[in-house]
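Shown next: entry28.cif, containing mmCIF, C-alpha atoms.
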```
data_coords
loop_
_atom_site.group_PDB
_atom_site.id
_atom_site.type_symbol
_atom_site.label_atom_id
_atom_site.label_comp_id
_atom_site.auth_asym_id
_atom_site.auth_seq_id
_atom_site.Cartn_x
_atom_site.Cartn_y
_atom_site.Cartn_z
ATOM 1 C CA MET A 1 -138.671 87.016 107.826
ATOM 2 C CA ARG A 2 -137.615 85.904 111.285
ATOM 3 C CA LEU A 3 -135.220 83.277 109.873
ATOM 4 C CA PHE A 4 -133.648 85.863 107.560
ATOM 5 C CA ARG A 5 -133.190 88.310 110.463
ATOM 6 C CA SER A 6 -131.559 85.576 112.560
ATOM 7 C CA PHE A 7 -129.194 84.716 109.708
ATOM 8 C CA ARG A 8 -128.353 88.391 109.150
ATOM 9 C CA ASP A 9 -127.719 88.969 112.862
ATOM 10 C CA HIS A 10 -125.438 85.924 113.051
ATOM 11 C CA ARG A 11 -123.466 87.111 110.001
ATOM 12 C CA ALA A 12 -123.070 90.558 111.582
ATOM 13 C CA LEU A 13 -121.825 88.990 114.833
ATOM 14 C CA THR A 14 -119.362 86.837 112.882
ATOM 15 C CA ARG A 15 -118.095 89.873 110.942
ATOM 16 C CA ARG A 16 -117.678 91.950 114.101
ATOM 17 C CA SER A 17 -115.903 89.072 115.840
ATOM 18 C CA ALA A 18 -113.498 88.746 112.925
ATOM 19 C CA GLY A 19 -112.668 92.443 113.205
ATOM 20 C CA TYR A 20 -112.089 92.130 116.923
ATOM 21 C CA ALA A 21 -109.902 89.042 116.436
ATOM 22 C CA ALA A 22 -107.836 90.955 113.872
ATOM 23 C CA ALA A 23 -107.155 93.638 116.494
ATOM 24 C CA LEU A 24 -106.111 90.970 119.012
ATOM 25 C CA MET A 25 -103.646 89.537 116.505
ATOM 26 C CA ALA A 26 -101.682 92.806 116.391
ATOM 27 C CA GLU A 27 -97.970 92.318 116.916
ATOM 28 C CA PRO A 28 -96.470 93.574 120.181
ATOM 29 C CA VAL A 29 -94.532 96.819 120.168
ATOM 30 C CA THR A 30 -90.776 96.283 119.748
ATOM 31 C CA ALA A 31 -89.961 98.194 122.946
ATOM 32 C CA ASP A 32 -92.216 95.853 124.942
ATOM 33 C CA VAL A 33 -90.608 92.780 123.388
ATOM 34 C CA GLU A 34 -87.145 94.136 124.181
ATOM 35 C CA TRP A 35 -88.179 94.880 127.778
ATOM 36 C CA LEU A 36 -89.565 91.374 128.347
ATOM 37 C CA ALA A 37 -86.544 89.773 126.678
ATOM 38 C CA ARG A 38 -84.186 91.783 128.880
ATOM 39 C CA ASP A 39 -86.090 91.333 132.164
ATOM 40 C CA ALA A 40 -87.481 87.823 131.825
ATOM 41 C CA THR A 41 -86.576 85.607 128.870
ATOM 42 C CA ARG A 42 -82.800 86.045 129.169
ATOM 43 C CA GLY A 43 -82.551 87.776 125.809
ATOM 44 C CA ASP A 44 -84.833 85.390 123.897
ATOM 45 C CA MET A 45 -86.734 87.856 121.711
ATOM 46 C CA ASP A 46 -88.877 85.166 120.069
ATOM 47 C CA HIS A 47 -90.053 83.838 123.429
ATOM 48 C CA ALA A 48 -90.795 87.376 124.625
ATOM 49 C CA GLN A 49 -92.746 88.150 121.462
ATOM 50 C CA TRP A 50 -94.849 84.988 121.815
ATOM 51 C CA GLU A 51 -95.614 85.667 125.465
ATOM 52 C CA LEU A 52 -96.836 89.159 124.571
ATOM 53 C CA ARG A 53 -98.931 87.801 121.693
ATOM 54 C CA TYR A 54 -100.561 85.300 124.044
ATOM 55 C CA LEU A 55 -101.084 88.028 126.645
ATOM 56 C CA ARG A 56 -102.860 90.394 124.229
ATOM 57 C CA ARG A 57 -105.067 87.634 122.848
ATOM 58 C CA SER A 58 -105.958 86.271 126.274
ATOM 59 C CA LEU A 59 -106.780 89.684 127.686
ATOM 60 C CA GLY A 60 -108.902 90.402 124.630
ATOM 61 C CA ILE A 61 -111.017 87.329 125.314
ATOM 62 C CA LEU A 62 -111.287 88.229 129.005
ATOM 63 C CA VAL A 63 -112.386 91.757 128.119
ATOM 64 C CA ALA A 64 -115.023 90.342 125.762
ATOM 65 C CA GLN A 65 -116.296 88.109 128.565
ATOM 66 C CA ARG A 66 -116.425 91.014 131.000
ATOM 67 C CA ASP A 67 -117.636 93.882 128.809
ATOM 68 C CA ALA A 68 -119.570 92.489 125.846
ATOM 69 C CA LEU A 69 -123.204 93.477 125.557
ATOM 70 C CA ASP A 70 -124.239 90.214 123.899
ATOM 71 C CA ASP A 71 -123.663 86.872 125.631
ATOM 72 C CA ARG A 72 -122.612 85.332 122.320
ATOM 73 C CA THR A 73 -119.771 87.791 121.760
ATOM 74 C CA PRO A 74 -117.023 86.098 123.831
ATOM 75 C CA SER A 75 -117.523 82.685 122.244
ATOM 76 C CA GLU A 76 -117.709 84.146 118.735
ATOM 77 C CA ALA A 77 -114.630 86.285 119.423
ATOM 78 C CA LEU A 78 -112.728 83.222 120.640
ATOM 79 C CA ARG A 79 -113.845 81.220 117.618
ATOM 80 C CA ALA A 80 -112.673 83.994 115.273
ATOM 81 C CA LEU A 81 -109.384 84.342 117.155
ATOM 82 C CA LEU A 82 -108.642 80.611 116.973
ATOM 83 C CA HIS A 83 -109.466 80.657 113.268
ATOM 84 C CA ARG A 84 -106.935 83.469 112.749
ATOM 85 C CA MET A 85 -104.367 81.747 114.950
ATOM 86 C CA HIS A 86 -104.600 78.627 112.779
ATOM 87 C CA LYS A 87 -103.722 80.788 109.775
ATOM 88 C CA ASP A 88 -100.932 82.665 111.569
ATOM 89 C CA ARG A 89 -97.807 82.694 109.424
ATOM 90 C CA ASN A 90 -95.673 83.008 112.548
ATOM 91 C CA VAL A 91 -96.547 79.427 113.524
ATOM 92 C CA ASP A 92 -95.062 76.437 111.749
ATOM 93 C CA GLY A 93 -97.864 74.145 110.577
ATOM 94 C CA GLY A 94 -96.547 71.262 112.644
ATOM 95 C CA LEU A 95 -96.613 73.355 115.807
ATOM 96 C CA LEU A 96 -100.224 74.587 115.644
ATOM 97 C CA GLU A 97 -101.378 72.153 118.324
ATOM 98 C CA LEU A 98 -98.545 73.221 120.625
ATOM 99 C CA ALA A 99 -99.321 76.911 120.053
ATOM 100 C CA GLU A 100 -102.980 76.303 120.858
ATOM 101 C CA ARG A 101 -102.099 74.405 124.063
ATOM 102 C CA GLN A 102 -99.755 77.208 125.121
ATOM 103 C CA PHE A 103 -102.453 79.805 124.441
ATOM 104 C CA ASN A 104 -105.026 77.815 126.420
ATOM 105 C CA ALA A 105 -102.633 77.494 129.375
ATOM 106 C CA ARG A 106 -102.047 81.237 129.404
ATOM 107 C CA LEU A 107 -105.722 82.062 128.946
ATOM 108 C CA SER A 108 -106.580 79.873 131.930
ATOM 109 C CA ALA A 109 -103.842 81.331 134.135
ATOM 110 C CA TYR A 110 -104.649 84.913 133.152
ATOM 111 C CA ARG A 111 -108.375 84.322 133.725
ATOM 112 C CA ASP A 112 -107.650 83.010 137.226
ATOM 113 C CA ALA A 113 -105.428 85.999 138.004
ATOM 114 C CA PHE A 114 -107.839 88.478 136.414
ATOM 115 C CA THR A 115 -110.921 87.241 138.261
ATOM 116 C CA SER A 116 -109.300 86.352 141.595
ATOM 117 C CA ARG A 117 -110.693 88.089 144.642
ATOM 118 C CA THR A 118 -107.409 87.970 146.516
ATOM 119 C CA PRO A 119 -105.943 91.266 147.721
ATOM 120 C CA GLY A 120 -103.983 93.287 145.229
ATOM 121 C CA SER A 121 -104.419 94.487 141.716
ATOM 122 C CA SER A 122 -105.607 92.158 138.971
ATOM 123 C CA THR A 123 -103.131 93.795 136.578
ATOM 124 C CA THR A 124 -100.293 92.923 138.967
ATOM 125 C CA ARG A 125 -101.476 89.315 139.270
ATOM 126 C CA VAL A 126 -101.678 88.981 135.481
ATOM 127 C CA ALA A 127 -98.227 90.570 135.133
ATOM 128 C CA GLN A 128 -96.831 88.071 137.634
ATOM 129 C CA ASN A 129 -98.240 85.258 135.502
ATOM 130 C CA LEU A 130 -96.749 86.808 132.347
ATOM 131 C CA LEU A 131 -93.361 86.956 134.013
ATOM 132 C CA ALA A 132 -93.686 83.430 135.398
ATOM 133 C CA PHE A 133 -94.360 82.088 131.891
ATOM 134 C CA SER A 134 -91.393 84.130 130.669
ATOM 135 C CA GLY A 135 -88.957 83.022 133.358
ATOM 136 C CA GLY A 136 -88.762 86.385 135.093
ATOM 137 C CA PRO A 137 -89.200 87.667 138.648
ATOM 138 C CA ILE A 138 -92.674 87.497 140.179
ATOM 139 C CA ARG A 139 -92.399 89.312 143.515
ATOM 140 C CA GLU A 140 -94.941 92.113 143.660
ATOM 141 C CA ASP A 141 -92.352 94.821 144.369
ATOM 142 C CA GLU A 142 -90.026 93.889 141.482
ATOM 143 C CA PRO A 143 -89.617 96.646 138.854
ATOM 144 C CA ALA A 144 -90.382 94.090 136.130
ATOM 145 C CA VAL A 145 -93.724 93.254 137.762
ATOM 146 C CA LEU A 146 -94.600 96.944 138.048
ATOM 147 C CA ARG A 147 -93.734 97.510 134.389
ATOM 148 C CA GLY A 148 -95.663 94.361 133.476
ATOM 149 C CA ALA A 149 -98.743 95.633 135.346
ATOM 150 C CA GLU A 150 -98.602 98.859 133.316
ATOM 151 C CA LEU A 151 -98.393 96.814 130.123
ATOM 152 C CA VAL A 152 -101.348 94.662 131.186
ATOM 153 C CA ALA A 153 -103.385 97.793 131.956
ATOM 154 C CA ARG A 154 -102.552 99.196 128.521
ATOM 155 C CA TYR A 155 -103.514 95.932 126.785
ATOM 156 C CA LEU A 156 -106.813 95.914 128.694
ATOM 157 C CA LEU A 157 -107.599 99.456 127.583
ATOM 158 C CA GLU A 158 -106.663 98.657 123.988
ATOM 159 C CA SER A 159 -108.813 95.518 124.026
ATOM 160 C CA ASN A 160 -111.760 97.414 125.432
ATOM 161 C CA ALA A 161 -111.387 100.113 122.775
ATOM 162 C CA SER A 162 -111.204 97.441 120.049
ATOM 163 C CA LEU A 163 -114.281 95.729 121.465
ATOM 164 C CA ARG A 164 -116.260 98.987 121.346
ATOM 165 C CA GLU A 165 -114.952 99.741 117.865
ATOM 166 C CA SER A 166 -115.972 96.304 116.598
ATOM 167 C CA PHE A 167 -119.281 95.909 118.430
ATOM 168 C CA GLY A 168 -120.348 99.483 119.183
ATOM 169 C CA GLU A 169 -120.838 101.579 122.266
ATOM 170 C CA PRO A 170 -123.380 100.560 124.882
ATOM 171 C CA GLN A 171 -126.464 102.702 124.571
ATOM 172 C CA LEU A 172 -129.430 103.096 126.843
ATOM 173 C CA PRO A 173 -132.670 104.859 126.034
ATOM 174 C CA GLU A 174 -132.725 108.352 127.520
ATOM 175 C CA ASP A 175 -135.614 107.481 129.822
ATOM 176 C CA VAL A 176 -133.779 104.518 131.445
ATOM 177 C CA ALA A 177 -131.303 105.156 134.250
ATOM 178 C CA PRO A 178 -128.186 102.901 134.195
ATOM 179 C CA SER A 179 -129.073 101.670 137.697
ATOM 180 C CA MET A 180 -132.397 100.341 136.350
ATOM 181 C CA VAL A 181 -130.786 98.020 133.777
ATOM 182 C CA ARG A 182 -130.215 95.170 136.227
#
```

Rewrite the coordinates I just gave you, this time as structure tokens.
Amino acid sequence: MRLFRSFRDHRALTRRSAGYAAALMAEPVTADVEWLARDATRGDMDHAQWELRYLRRSLGILVAQRDALDDRTPSEALRALLHRMHKDRNVDGGLLELAERQFNARLSAYRDAFTSRTPGSSTTRVAQNLLAFSGGPIREDEPAVLRGAELVARYLLESNASLRESFGEPQLPEDVAPSMVR
């Protein structure tokens, strides 16, 4: 029975991860693509769209690492996301390796910005990285950086909501105070 339960639990984790990965593969909103193209990519809509795709996917993995209840969730979510990315019709088959390298570069940069303990907002630091990858301004007081920070905050909230939808809400027994969990 224990082997069957382990198999069933793994299948459930895989299914939930696939659902979460599907949410992370959502296309960016047209208004956001137009904003990034105007303020950073010099009108290149395709570049802007790809940067926003990478941003959403990277933030989704970072949210899974930060907020998941099960230690296996982030790695399963990343595995499911990479599986979906390899089947992405927006990527030419010959460019899959390049797309994966670009995603990994962004994930690494966004992770560093997201987890940095330097002064300032993590959303601003991530937005500065987004704009740097896009060829835009990166000074903290730039309107594009401020708008980018709002976008990053929205993507974080959406990723967290998708994570809860896919994996469930955290629940504690009524007789256990949240401060006692650690």

Neighbour list for Ser122 of chain A as JSON, numbers by chain, cut-off 10 Å, only C-alpha atoms, skip fewer than 5 positions in-chain: {"A": [110, 111, 112, 113, 114, 115, 116, 117, 127, 128, 149, 152, 153]}

Running the PyMOL selection byres ((chain A and resi 41) around 12) on this model by hand, what would come out? Give it as number ranges by chain. A: 33-40, 42-52, 130-137, 144

Can you tell me how far atom CA of Thr14 of chain A sits from atom CA of Arg66 of chain A, in Å to one decimal?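 Between these atoms lies a distance of 18.8 Å.
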
Any chance you could work out the axis-aligned box around segment 12-24 of chain A, listed atoms only, 3 Å on each side, giving centre and edge lengths in Å to one decimal, as JSON?
```
{"center_x": -114.6, "center_y": 90.2, "center_z": 115.0, "size_x": 23.0, "size_y": 12.8, "size_z": 14.1}
```

Let me know the residues the PyMOL selection byres ((chain A and resi 72) around 12) catches in the file above, as a ChimeraX atom specification. /A:9-10,12-14,16-17,64-65,67-71,73-79,167

Please dump the current selection as a PDB file, keeping the file's coordinate frame; keep C-alpha atoms.
```pdb
ATOM      1  CA  ASP A   9    -127.719  88.969 112.862  1.00  0.00           C
ATOM      2  CA  HIS A  10    -125.438  85.924 113.051  1.00  0.00           C
ATOM      3  CA  ALA A  12    -123.070  90.558 111.582  1.00  0.00           C
ATOM      4  CA  LEU A  13    -121.825  88.990 114.833  1.00  0.00           C
ATOM      5  CA  THR A  14    -119.362  86.837 112.882  1.00  0.00           C
ATOM      6  CA  ARG A  16    -117.678  91.950 114.101  1.00  0.00           C
ATOM      7  CA  SER A  17    -115.903  89.072 115.840  1.00  0.00           C
ATOM      8  CA  ALA A  64    -115.023  90.342 125.762  1.00  0.00           C
ATOM      9  CA  GLN A  65    -116.296  88.109 128.565  1.00  0.00           C
ATOM     10  CA  ASP A  67    -117.636  93.882 128.809  1.00  0.00           C
ATOM     11  CA  ALA A  68    -119.570  92.489 125.846  1.00  0.00           C
ATOM     12  CA  LEU A  69    -123.204  93.477 125.557  1.00  0.00           C
ATOM     13  CA  ASP A  70    -124.239  90.214 123.899  1.00  0.00           C
ATOM     14  CA  ASP A  71    -123.663  86.872 125.631  1.00  0.00           C
ATOM     15  CA  THR A  73    -119.771  87.791 121.760  1.00  0.00           C
ATOM     16  CA  PRO A  74    -117.023  86.098 123.831  1.00  0.00           C
ATOM     17  CA  SER A  75    -117.523  82.685 122.244  1.00  0.00           C
ATOM     18  CA  GLU A  76    -117.709  84.146 118.735  1.00  0.00           C
ATOM     19  CA  ALA A  77    -114.630  86.285 119.423  1.00  0.00           C
ATOM     20  CA  LEU A  78    -112.728  83.222 120.640  1.00  0.00           C
ATOM     21  CA  ARG A  79    -113.845  81.220 117.618  1.00  0.00           C
ATOM     22  CA  PHE A 167    -119.281  95.909 118.430  1.00  0.00           C
TER      23      PHE A 167
END
```

I want to know what sits within 7 Å of segment 156-159 of chain A, based on all atoms listed in the file, with residues of the same chain fewer than 2 positions away left out; could you give that as a PDB file with C-alpha atoms, in the frame of the given file?
```pdb
ATOM      1  CA  LEU A  59    -106.780  89.684 127.686  1.00  0.00           C
ATOM      2  CA  GLY A  60    -108.902  90.402 124.630  1.00  0.00           C
ATOM      3  CA  VAL A  63    -112.386  91.757 128.119  1.00  0.00           C
ATOM      4  CA  VAL A 152    -101.348  94.662 131.186  1.00  0.00           C
ATOM      5  CA  ALA A 153    -103.385  97.793 131.956  1.00  0.00           C
ATOM      6  CA  ARG A 154    -102.552  99.196 128.521  1.00  0.00           C
ATOM      7  CA  ALA A 161    -111.387 100.113 122.775  1.00  0.00           C
ATOM      8  CA  SER A 162    -111.204  97.441 120.049  1.00  0.00           C
ATOM      9  CA  LEU A 163    -114.281  95.729 121.465  1.00  0.00           C
TER      10      LEU A 163
END
```

Within 9 Å of (-105.4, 84.4, 130.7), only C-alpha atoms: residues as a VMD selection string? chain A and resid 54 to 55 57 to 59 61 to 62 103 to 114 126 129

Coordinates-based distance that separates atom CA of Tyr155 of chain A from atom CA of Glu169 of chain A (Å, one decimal):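 Interatomic distance here is 18.8 Å.
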
Distance atom CA of Pro143 of chain A-atom CA of Thr123 of chain A, one decimal place?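 These atoms are spaced 14.0 Å apart.
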
Which residues are close to Leu82 of chain A, i.e. within 9 Å by all atoms listed in the file, leaving aside same-chain residues fewer than 5 positions away? Reply as a PDB file with C-alpha atoms, keeping the file's coordinate frame.
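As a result, out.pdb now contains:
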```pdb
ATOM      1  CA  ALA A  21    -109.902  89.042 116.436  1.00  0.00           C
ATOM      2  CA  ALA A  77    -114.630  86.285 119.423  1.00  0.00           C
ATOM      3  CA  LYS A  87    -103.722  80.788 109.775  1.00  0.00           C
ATOM      4  CA  GLU A 100    -102.980  76.303 120.858  1.00  0.00           C
TER       5      GLU A 100
END
```

Write out as a tab-separated table (two decimals) with C-alpha atoms, keeping the file's coordinate frame each polymer residue whose atoms come within 9 Å of segment 88-92 of chain A, counting all atoms listed in the file; drop sequence neighbours fewer than 5 positions from it.
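The resulting file, selection.tsv, is reproduced below:
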```tsv
chain	number	residue	atom	x	y	z
A	25	MET	CA	-103.65	89.54	116.50
A	83	HIS	CA	-109.47	80.66	113.27
A	99	ALA	CA	-99.32	76.91	120.05
```

Please determine, counting all atoms listed in the file, which residue among A:Asp141, A:Glu165, A:Asp32, A:Arg147 has the shortest atom-to-atom distance to Gly19 of chain A.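 Once distances to Gly19 of chain A are computed over all atoms listed in the file, the minimum belongs to A:Glu165.
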
Rank nothing, just name the residue among A:Gln102, A:Ala18, A:Thr124, A:Arg11 nearest to Arg53 of chain A, using all atoms listed in the file.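 Of all the options, A:Gln102 lies closest to Arg53 of chain A.
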